[in-house]
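Structure file input.csv; described as CSV, C-alpha atoms.
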```
chain,number,residue,atom,x,y,z
A,1,THR,CA,17.5,25.3,-18.0
A,2,LYS,CA,16.8,24.8,-14.3
A,3,HIS,CA,13.2,23.9,-14.9
A,4,ARG,CA,14.1,21.4,-17.7
A,5,HIS,CA,16.4,19.5,-15.4
A,6,SER,CA,14.2,19.6,-12.3
A,7,PRO,CA,13.8,16.4,-10.3
A,8,HIS,CA,10.2,16.3,-11.2
A,9,HIS,CA,10.9,16.5,-14.9
A,10,ILE,CA,13.6,13.8,-14.7
A,11,LEU,CA,11.3,11.5,-12.7
A,12,THR,CA,8.5,12.0,-15.3
A,13,MET,CA,10.8,11.1,-18.2
A,14,MET,CA,12.1,8.1,-16.2
A,15,MET,CA,8.6,6.8,-15.6
A,16,LYS,CA,7.7,7.2,-19.3
A,17,SER,CA,10.8,5.2,-20.3
A,18,ILE,CA,10.0,2.4,-17.8
A,19,THR,CA,6.4,2.2,-18.9
A,20,LEU,CA,7.4,2.0,-22.6
A,21,ALA,CA,10.0,-0.7,-21.9
A,22,LEU,CA,7.7,-2.8,-19.9
A,23,SER,CA,5.0,-2.5,-22.5
A,24,LEU,CA,7.3,-3.7,-25.3
A,25,VAL,CA,8.5,-6.6,-23.1
A,26,GLY,CA,5.0,-7.5,-22.2
A,27,ALA,CA,3.9,-7.7,-25.8
A,28,ALA,CA,6.8,-10.0,-26.6
A,29,ALA,CA,6.2,-12.2,-23.6
A,30,PHE,CA,2.9,-13.5,-24.9
A,31,SER,CA,4.5,-14.7,-28.2
A,32,ARG,CA,6.5,-17.2,-26.2
A,33,SER,CA,3.4,-18.8,-24.5
A,34,PRO,CA,1.0,-20.2,-27.1
A,35,MET,CA,-2.7,-20.3,-26.1
A,36,ARG,CA,-4.2,-23.6,-25.2
A,37,MET,CA,-7.2,-24.5,-27.2
A,38,ALA,CA,-10.4,-23.5,-25.5
A,39,ALA,CA,-12.5,-26.4,-24.3
A,40,GLU,CA,-16.2,-26.7,-25.2
A,41,THR,CA,-17.1,-27.3,-21.6
A,42,SER,CA,-15.8,-26.0,-18.3
A,43,MET,CA,-12.7,-27.7,-17.0
A,44,VAL,CA,-12.2,-28.9,-13.4
A,45,LYS,CA,-9.5,-26.9,-11.7
A,46,ASN,CA,-8.4,-27.6,-8.1
A,47,GLY,CA,-11.7,-29.4,-7.6
A,48,TRP,CA,-13.8,-26.5,-8.9
A,49,LYS,CA,-15.9,-26.5,-12.0
A,50,TYR,CA,-17.7,-23.4,-13.2
A,51,ASP,CA,-21.4,-23.3,-12.6
A,52,GLN,CA,-23.3,-20.2,-13.8
A,53,ASN,CA,-26.2,-21.0,-11.5
A,54,LYS,CA,-24.1,-20.7,-8.3
A,55,PHE,CA,-22.8,-17.7,-6.5
A,56,VAL,CA,-19.6,-16.5,-8.2
A,57,GLY,CA,-19.7,-19.5,-10.4
A,58,GLY,CA,-19.3,-21.8,-7.5
A,59,LEU,CA,-15.8,-20.4,-6.5
A,60,PRO,CA,-14.9,-20.5,-2.7
A,61,GLY,CA,-15.3,-17.3,-0.8
A,62,ALA,CA,-18.9,-17.0,0.5
A,63,ILE,CA,-17.8,-16.8,4.1
A,64,ALA,CA,-19.9,-16.3,7.2
A,65,PRO,CA,-21.3,-14.1,8.5
A,66,LEU,CA,-21.8,-12.2,5.2
A,67,GLY,CA,-22.1,-15.3,3.1
A,68,GLU,CA,-23.0,-14.5,-0.5
A,69,PHE,CA,-22.3,-10.8,-0.2
A,70,ASP,CA,-22.4,-8.9,-3.5
A,71,PRO,CA,-25.0,-6.1,-3.0
A,72,LEU,CA,-23.9,-4.3,-6.2
A,73,GLU,CA,-24.1,-7.6,-8.2
A,74,ILE,CA,-20.6,-7.0,-9.6
A,75,CYS,CA,-20.3,-10.7,-10.3
A,76,TYR,CA,-23.4,-12.0,-12.0
A,77,PRO,CA,-22.5,-15.4,-13.6
A,78,GLU,CA,-25.8,-15.8,-15.4
A,79,GLU,CA,-24.9,-12.8,-17.6
A,80,MET,CA,-21.1,-13.3,-17.7
A,81,SER,CA,-18.7,-15.8,-19.2
A,82,GLU,CA,-16.5,-18.1,-17.1
A,83,SER,CA,-13.5,-16.0,-18.0
A,84,ASP,CA,-15.2,-12.8,-16.7
A,85,VAL,CA,-16.0,-14.4,-13.4
A,86,LYS,CA,-12.5,-15.8,-13.0
A,87,ARG,CA,-11.0,-12.4,-13.9
A,88,LEU,CA,-12.9,-10.7,-11.1
A,89,ARG,CA,-11.7,-13.4,-8.6
A,90,GLU,CA,-8.1,-13.0,-10.0
A,91,ALA,CA,-8.3,-9.3,-9.3
A,92,GLU,CA,-9.6,-9.9,-5.7
A,93,VAL,CA,-6.9,-12.5,-4.9
A,94,MET,CA,-4.0,-10.5,-6.3
A,95,HIS,CA,-5.1,-7.2,-4.6
A,96,GLY,CA,-5.6,-9.1,-1.4
A,97,ARG,CA,-2.0,-10.5,-1.6
A,98,VAL,CA,-0.5,-7.1,-2.3
A,99,ALA,CA,-2.6,-5.6,0.6
A,100,MET,CA,-1.3,-8.2,3.0
A,101,MET,CA,2.3,-7.4,2.1
A,102,ALA,CA,1.5,-3.7,2.2
A,103,PHE,CA,0.1,-3.9,5.7
A,104,VAL,CA,3.2,-5.6,7.0
A,105,GLY,CA,5.3,-3.0,5.1
A,106,TYR,CA,3.4,-0.1,6.8
A,107,ILE,CA,4.0,-1.4,10.3
A,108,MET,CA,7.6,-2.8,9.8
A,109,GLY,CA,8.8,0.2,7.7
A,110,GLU,CA,7.7,2.6,10.4
A,111,ALA,CA,8.5,0.7,13.6
A,112,VAL,CA,11.5,-1.5,13.1
A,113,THR,CA,14.9,0.3,13.1
A,114,PRO,CA,16.6,-2.0,10.5
A,115,LEU,CA,14.0,-1.1,8.0
A,116,THR,CA,14.6,2.6,8.3
A,117,GLY,CA,17.8,2.6,6.3
A,118,LYS,CA,20.3,1.2,8.8
A,119,SER,CA,20.8,-2.1,7.0
A,120,PHE,CA,21.0,-3.5,3.5
A,121,ILE,CA,17.2,-4.0,3.3
A,122,MET,CA,16.5,-0.4,2.4
A,123,PRO,CA,18.6,1.5,-0.2
A,124,THR,CA,18.5,4.8,1.7
A,125,ALA,CA,17.4,6.2,5.1
A,126,VAL,CA,13.7,6.9,5.4
A,127,SER,CA,11.7,8.6,8.1
A,128,GLY,CA,8.2,9.8,8.9
A,129,PRO,CA,4.9,8.2,7.8
A,130,ALA,CA,5.1,5.2,5.4
A,131,ASN,CA,3.1,7.2,2.8
A,132,SER,CA,6.2,9.3,2.2
A,133,HIS,CA,8.8,6.5,2.2
A,134,LEU,CA,8.6,5.7,-1.6
A,135,ALA,CA,9.0,9.4,-2.5
A,136,GLN,CA,12.1,9.5,-0.3
A,137,ILE,CA,13.6,6.5,-2.0
A,138,ILE,CA,12.8,8.0,-5.4
A,139,GLY,CA,14.5,11.2,-4.5
A,140,GLU,CA,17.6,9.6,-2.9
A,141,GLN,CA,18.0,6.4,-4.9
A,142,PRO,CA,16.2,6.6,-8.3
A,143,ILE,CA,18.2,3.6,-9.6
A,144,ALA,CA,16.9,1.4,-6.8
A,145,PHE,CA,13.4,2.6,-7.6
A,146,ILE,CA,13.8,1.7,-11.3
A,147,ALA,CA,15.0,-1.8,-10.3
A,148,PHE,CA,11.9,-2.1,-8.0
A,149,VAL,CA,9.5,-1.1,-10.8
A,150,CYS,CA,11.2,-3.5,-13.3
A,151,ALA,CA,11.0,-6.4,-10.8
A,152,ILE,CA,7.3,-5.7,-10.4
A,153,GLY,CA,6.8,-5.4,-14.1
A,154,PHE,CA,8.6,-8.7,-14.9
A,155,ALA,CA,6.6,-10.5,-12.2
A,156,GLU,CA,3.4,-9.2,-13.7
A,157,ILE,CA,4.4,-10.3,-17.2
A,158,ARG,CA,5.2,-13.8,-15.9
A,159,ARG,CA,1.8,-14.0,-14.2
A,160,ALA,CA,0.2,-12.9,-17.5
A,161,GLN,CA,2.0,-15.6,-19.4
A,162,ILE,CA,0.8,-18.3,-17.0
A,163,GLY,CA,-2.9,-17.3,-16.7
A,164,TRP,CA,-3.9,-15.1,-19.5
A,165,VAL,CA,-4.7,-15.6,-23.2
A,166,SER,CA,-2.4,-13.8,-25.6
A,167,PRO,CA,-4.0,-10.4,-26.4
A,168,ASP,CA,-3.7,-11.0,-30.2
A,169,GLU,CA,-6.1,-13.9,-29.7
A,170,ALA,CA,-8.5,-12.5,-27.1
A,171,LEU,CA,-8.5,-9.5,-24.8
A,172,PHE,CA,-9.0,-9.6,-21.0
A,173,THR,CA,-9.4,-13.4,-21.1
A,174,LEU,CA,-8.0,-16.0,-18.8
A,175,ARG,CA,-6.9,-19.5,-20.0
A,176,ASP,CA,-9.5,-22.3,-19.7
A,177,ASP,CA,-7.2,-24.4,-17.5
A,178,TYR,CA,-6.2,-21.6,-15.2
A,179,TYR,CA,-7.5,-21.3,-11.7
A,180,PRO,CA,-7.7,-17.6,-10.5
A,181,GLY,CA,-4.6,-16.8,-8.4
A,182,ASP,CA,-2.9,-20.2,-8.9
A,183,ILE,CA,0.4,-19.3,-10.5
A,184,GLY,CA,2.2,-22.3,-9.2
A,185,PHE,CA,4.3,-20.4,-6.6
A,186,ASP,CA,4.6,-22.6,-3.5
A,187,PRO,CA,8.2,-22.7,-2.3
A,188,LEU,CA,7.3,-24.0,1.1
A,189,GLY,CA,5.1,-26.8,-0.2
A,190,ILE,CA,2.0,-25.9,1.8
A,191,ARG,CA,-0.5,-26.3,-1.0
A,192,PRO,CA,-3.3,-28.6,0.0
A,193,ASP,CA,-3.6,-32.0,-1.7
A,194,THR,CA,-7.4,-32.4,-1.7
A,195,PRO,CA,-10.1,-30.1,-3.3
A,196,GLU,CA,-11.8,-29.7,0.0
A,197,ALA,CA,-8.7,-28.6,1.8
A,198,PHE,CA,-7.8,-26.3,-1.2
A,199,ALA,CA,-11.2,-24.6,-0.9
A,200,THR,CA,-10.7,-24.1,2.8
A,201,GLU,CA,-7.3,-22.5,2.3
A,202,GLN,CA,-8.7,-20.3,-0.5
A,203,CYS,CA,-11.4,-19.0,1.9
A,204,ARG,CA,-8.7,-18.3,4.5
A,205,GLU,CA,-6.6,-16.4,2.0
A,206,LEU,CA,-9.6,-14.4,0.8
A,207,SER,CA,-10.7,-13.5,4.3
A,208,ASN,CA,-7.2,-12.2,5.2
A,209,GLY,CA,-6.8,-10.5,1.9
A,210,ARG,CA,-10.2,-8.7,2.2
A,211,LEU,CA,-9.4,-7.6,5.7
A,212,ALA,CA,-5.9,-6.4,4.6
A,213,MET,CA,-7.4,-4.3,1.7
A,214,ILE,CA,-9.7,-2.5,4.2
A,215,ALA,CA,-6.9,-2.1,6.7
A,216,VAL,CA,-4.4,-0.7,4.2
A,217,ALA,CA,-6.9,1.8,2.9
A,218,GLY,CA,-7.5,2.9,6.5
A,219,LEU,CA,-3.7,3.2,7.2
A,220,CYS,CA,-3.2,5.3,4.1
A,221,ALA,CA,-6.2,7.6,4.9
A,222,GLN,CA,-5.1,7.9,8.5
A,223,GLU,CA,-1.6,9.2,7.5
A,224,ILE,CA,-3.1,11.6,4.9
A,225,VAL,CA,-5.4,13.1,7.5
A,226,ARG,CA,-2.8,13.1,10.3
A,227,PRO,CA,0.7,12.7,9.0
A,228,VAL,CA,2.0,10.7,12.0
A,229,GLN,CA,3.3,7.2,12.0
A,230,ILE,CA,0.6,4.6,12.7
A,231,LEU,CA,2.0,3.2,15.9
A,232,GLU,CA,3.0,6.6,17.2
A,233,ASN,CA,-0.6,7.8,16.5
A,234,LEU,CA,-1.7,4.9,18.8
A,235,GLY,CA,0.7,6.1,21.4
A,236,ILE,CA,3.3,3.4,20.8
A,237,GLN,CA,6.8,4.8,20.2
A,238,ARG,CA,9.1,3.5,17.6
A,239,GLU,CA,11.9,2.9,20.1
A,240,ILE,CA,9.7,0.6,22.1
A,241,ILE,CA,8.9,-1.6,19.1
A,242,ALA,CA,12.5,-1.6,17.8
```
Please lay out the structure from this file as structure tokens.
Amino acid sequence: TKHRHSPHHILTMMMKSITLALSLVGAAAFSRSPMRMAAETSMVKNGWKYDQNKFVGGLPGAIAPLGEFDPLEICYPEEMSESDVKRLREAEVMHGRVAMMAFVGYIMGEAVTPLTGKSFIMPTAVSGPANSHLAQIIGEQPIAFIAFVCAIGFAEIRRAQIGWVSPDEALFTLRDDYYPGDIGFDPLGIRPDTPEAFATEQCRELSNGRLAMIAVAGLCAQEIVRPVQILENLGIQREIIA
């Protein structure tokens, strides 16, 4: 019937199939990466060693002017394991990285002409606020959307293989020799050589990531409240930027 073959129904079935496939692949992925034996004491990783008596276990990130800012005591090392503390930092670093890319995507996707479908970068023409761009791609090029989801899924599976213990051995646990966010991806070779320099760069990444998470939340809310492109809402026309 018409209802049974509606775009919404097709999209729902498509997403269920993708989720099932990625779940099966994810389960198999861990079997190829055996868990390293847990150490009795905390290991030194990038110059950092876990200390439950320090803020966030001694990890970098207590940055002025807020310093040791955790009013809700989400991270409380005295009552948490090292893996729990690292898992919170892993989440912060990864969300910060995604937010930094998302912020650039918001501005570039709305303002620069080549990114509105007039080049190979985008699989179809998009228009309007960035909040609606993904839905437009899904409607016009569902195969490209599937490829996009699969790419994200396989990247996440690889990250899990590097940093996480196999779920059949322990749930929600990071490896003892894994530093939160350090997946070994450094194609430009800019990774610092000393622990002090590494901690400085980690603070810089955290600062930018935290700002980006707040900024992207603001951009998304702004376009929901007033469905106009961000720069145009500021009085800057797309043609000027392009």
- Two-atom distance - atom CA of Ser83 of chain A, atom CA of Val98 of chain A (Å):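 Here the two named atoms are 22.2 Å from each other.
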- Once you count all atoms listed in the file, which residues end up no further than 12 Å from (-0.6, -10.0, -15.4) in the file's frame, shown as JSON, numbers by chain? {"A": [22, 23, 26, 27, 29, 30, 87, 90, 91, 94, 152, 153, 154, 155, 156, 157, 158, 159, 160, 161, 162, 163, 164, 165, 166, 167, 172, 173, 174, 180, 181, 183]}
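We find atom CA of Pro187 of chain A and atom CA of Ile143 of chain A to be spaced 29.1 Å apart.
For the pair atom CA of Gly47 of chain A and atom CA of Met101 of chain A, the separation is 27.8 Å.
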- When distances are computed from all atoms listed in the file, which of A:Pro129, A:Pro142, A:Gly96, A:Pro77 shows the smallest separation from Gln52 of chain A? A:Pro77
- Find the residues with any atom within 10 Å of (14.6, 7.7, -4.7); use all atoms listed in the file and the coordinates as given in the file, and write the answer as a VMD selection string. chain A and resid 11 123 to 124 133 to 146
Taking only residues of segment 126-193 of chain A that have an atom at most 10 Å from an atom of segment 200-222 of chain A, what is each one's shortest atom pair and its distance in Å to one decimal, using only C-alpha atoms, in chain and number order, as a Markdown table?
```
| residue | atom | partner | partner_atom | distance |
| --- | --- | --- | --- | --- |
| A:Pro129 | CA | A:Cys220 | CA | 9.4 |
| A:Ala130 | CA | A:Cys220 | CA | 8.4 |
| A:Asn131 | CA | A:Cys220 | CA | 6.7 |
| A:Gly181 | CA | A:Gln202 | CA | 9.6 |
| A:Ile190 | CA | A:Glu201 | CA | 9.9 |
| A:Arg191 | CA | A:Glu201 | CA | 8.5 |
| A:Pro192 | CA | A:Glu201 | CA | 7.6 |
```
- Message: Set the distance at 8 Å and use all atoms listed in the file: which residues neighbour Tyr179 of chain A once local chain neighbours fewer than 2 positions away are removed? I'd like the list as a PyMOL selection string.
- Response: chain A and resi 45-46+86+163+177+181-182
File of the preceding selection, C-alpha atoms, as a CSV table (one decimal), in the frame of the given file:
```
chain,number,residue,atom,x,y,z
A,45,LYS,CA,-9.5,-26.9,-11.7
A,46,ASN,CA,-8.4,-27.6,-8.1
A,86,LYS,CA,-12.5,-15.8,-13.0
A,163,GLY,CA,-2.9,-17.3,-16.7
A,177,ASP,CA,-7.2,-24.4,-17.5
A,181,GLY,CA,-4.6,-16.8,-8.4
A,182,ASP,CA,-2.9,-20.2,-8.9
```
